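A short write-up of the structure that comes next.
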Amino acid sequence: CPVKHDGGSLRAFQALRRGGAGPGSDNLSSSSSSSSACPVKAPSNNSPQQTASNQQYDVYSRPLPLDPTNNMPLSNPNALATNSLPSARQTAPLPTERVPSTIPKGGAADDTATWTYPSPQMFYNALARKGKLGDTKEEDMESVVALHNNMNEGTWKKVLEWEAVLNPSEEGGKGGGGPKLSRFMGRPTDLSPKAFLKHYLLGHPLPFDRHDWTVQRADGTQVRYVIDYYHDDAVAREEDGSGLPDMHDHDSVKSLLVDVRPAADGVGEIWGRAVTMPL
């Protein structure tokens, strides 16, 4: 059942901070030189161009190879199986079941496909692989994944709120249409301009993570969103019922704050941030 922010809940949150906030992938890599369990490198601009309509990416934002016979992404069952095995340091079994998100997956053959969240075992393995387990215990992992999933669902809800303002002709992904998440990139060491100004001019706490999400609209247009993740320690100390939040209850973890907005990459996005919807 949900628990107050005692030692276990705080360990779960710290593990989430170390592991990263992005949605899962069906092709989790078993090795990477990045410093975060979430991606930190964007696909190279010098790489060969592939068909944009069905290009998919792994959890490190690397383009998945395409099958030349059908021009669809090749799956990596070996990597998936490896990431579901217990870690060498592990002393107790962890669930390997994965939960589908409600976030539509851009580039998938099935228009109704969604991103799939990592299992507690996968998340634990990612922390162990990066040397970021710290004081995390196996018993914390279900809370870690529950917080992770809840936060991503809330992030997507805010993306859809922006899309309803910036591109109201689409219907939020219903029936295979509407915006979809094409890929995401974790940038935990890169302060966004907004976070920089809030911290150094206004004294606001720094975010614990940053992500850039690339959203693909029905017409193929891609829009980058900048997301800053904050944790309110004062609220957390008084917060009940946040240890195992329901994935779809966006108000259950008030200590986790998400600042979502379109990147200032074009006139439409700048106008949307400055006029249509306030910062």
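Identifiers for the structure tokens are assigned positionally: chains receive A, B, ... in sequence, residues are indexed from 1 per chain, and ligands are indexed from 1 in the order shown.
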For this session: Could you please write out, as a PyMOL selection string, every residue of stretch 66-222 of chain A that DSSP assigns to helix (DSSP H, G or I)?
Result: chain A and resi 77-82+120-129+138-166+174-176+193-202
Problem set entry | Polymer residues at most 8 Å from A:Tyr229, only C-alpha atoms, same-chain spacing of 2 or more positions, as a PyMOL selection string | chain A and resi 207-210+227+231+256-259
Those same residues, written as a PDB file, in the first residue's frame with N, CA and C atoms?
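Result written to again35.pdb:
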```
ATOM      1  N   PRO A 207      16.639  21.837 -11.117  1.00  0.00           N
ATOM      2  CA  PRO A 207      15.951  20.577 -11.431  1.00  0.00           C
ATOM      3  C   PRO A 207      16.882  19.399 -11.189  1.00  0.00           C
ATOM      4  N   PHE A 208      16.314  18.235 -10.881  1.00  0.00           N
ATOM      5  CA  PHE A 208      17.146  17.054 -10.704  1.00  0.00           C
ATOM      6  C   PHE A 208      17.373  16.319 -12.023  1.00  0.00           C
ATOM      7  N   ASP A 209      16.608  16.665 -13.049  1.00  0.00           N
ATOM      8  CA  ASP A 209      16.801  16.040 -14.359  1.00  0.00           C
ATOM      9  C   ASP A 209      16.208  16.946 -15.423  1.00  0.00           C
ATOM     10  N   ARG A 210      16.693  16.772 -16.630  1.00  0.00           N
ATOM     11  CA  ARG A 210      16.117  17.466 -17.788  1.00  0.00           C
ATOM     12  C   ARG A 210      16.009  16.471 -18.924  1.00  0.00           C
ATOM     13  N   ILE A 227      11.826  19.628 -20.888  1.00  0.00           N
ATOM     14  CA  ILE A 227      11.159  19.225 -19.655  1.00  0.00           C
ATOM     15  C   ILE A 227      12.161  19.280 -18.506  1.00  0.00           C
ATOM     16  N   HIS A 231      12.010  18.383  -7.518  1.00  0.00           N
ATOM     17  CA  HIS A 231      11.496  17.687  -6.344  1.00  0.00           C
ATOM     18  C   HIS A 231      11.408  18.667  -5.201  1.00  0.00           C
ATOM     19  N   LEU A 256       6.744  15.904  -6.759  1.00  0.00           N
ATOM     20  CA  LEU A 256       7.405  15.818  -8.062  1.00  0.00           C
ATOM     21  C   LEU A 256       6.764  16.838  -8.996  1.00  0.00           C
ATOM     22  N   LEU A 257       7.537  17.808  -9.423  1.00  0.00           N
ATOM     23  CA  LEU A 257       7.035  18.895 -10.252  1.00  0.00           C
ATOM     24  C   LEU A 257       7.683  18.826 -11.628  1.00  0.00           C
ATOM     25  N   VAL A 258       6.857  18.970 -12.659  1.00  0.00           N
ATOM     26  CA  VAL A 258       7.332  18.851 -14.026  1.00  0.00           C
ATOM     27  C   VAL A 258       7.017  20.138 -14.790  1.00  0.00           C
ATOM     28  N   ASP A 259       8.043  20.759 -15.344  1.00  0.00           N
ATOM     29  CA  ASP A 259       7.885  21.984 -16.132  1.00  0.00           C
ATOM     30  C   ASP A 259       8.081  21.620 -17.602  1.00  0.00           C
TER      31      ASP A 259
END
```
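Using only C-alpha atoms, the smallest distance between any of A:Ala109, A:Ala234, A:Val215, A:Ala274 and A:Lys254 comes from A:Ala234.
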Problem set entry | Distance criterion (only C-alpha atoms): nearest to A:Arg261 out of A:Glu163, A:Asp232, A:Asp190, A:Asp246 | A:Glu163
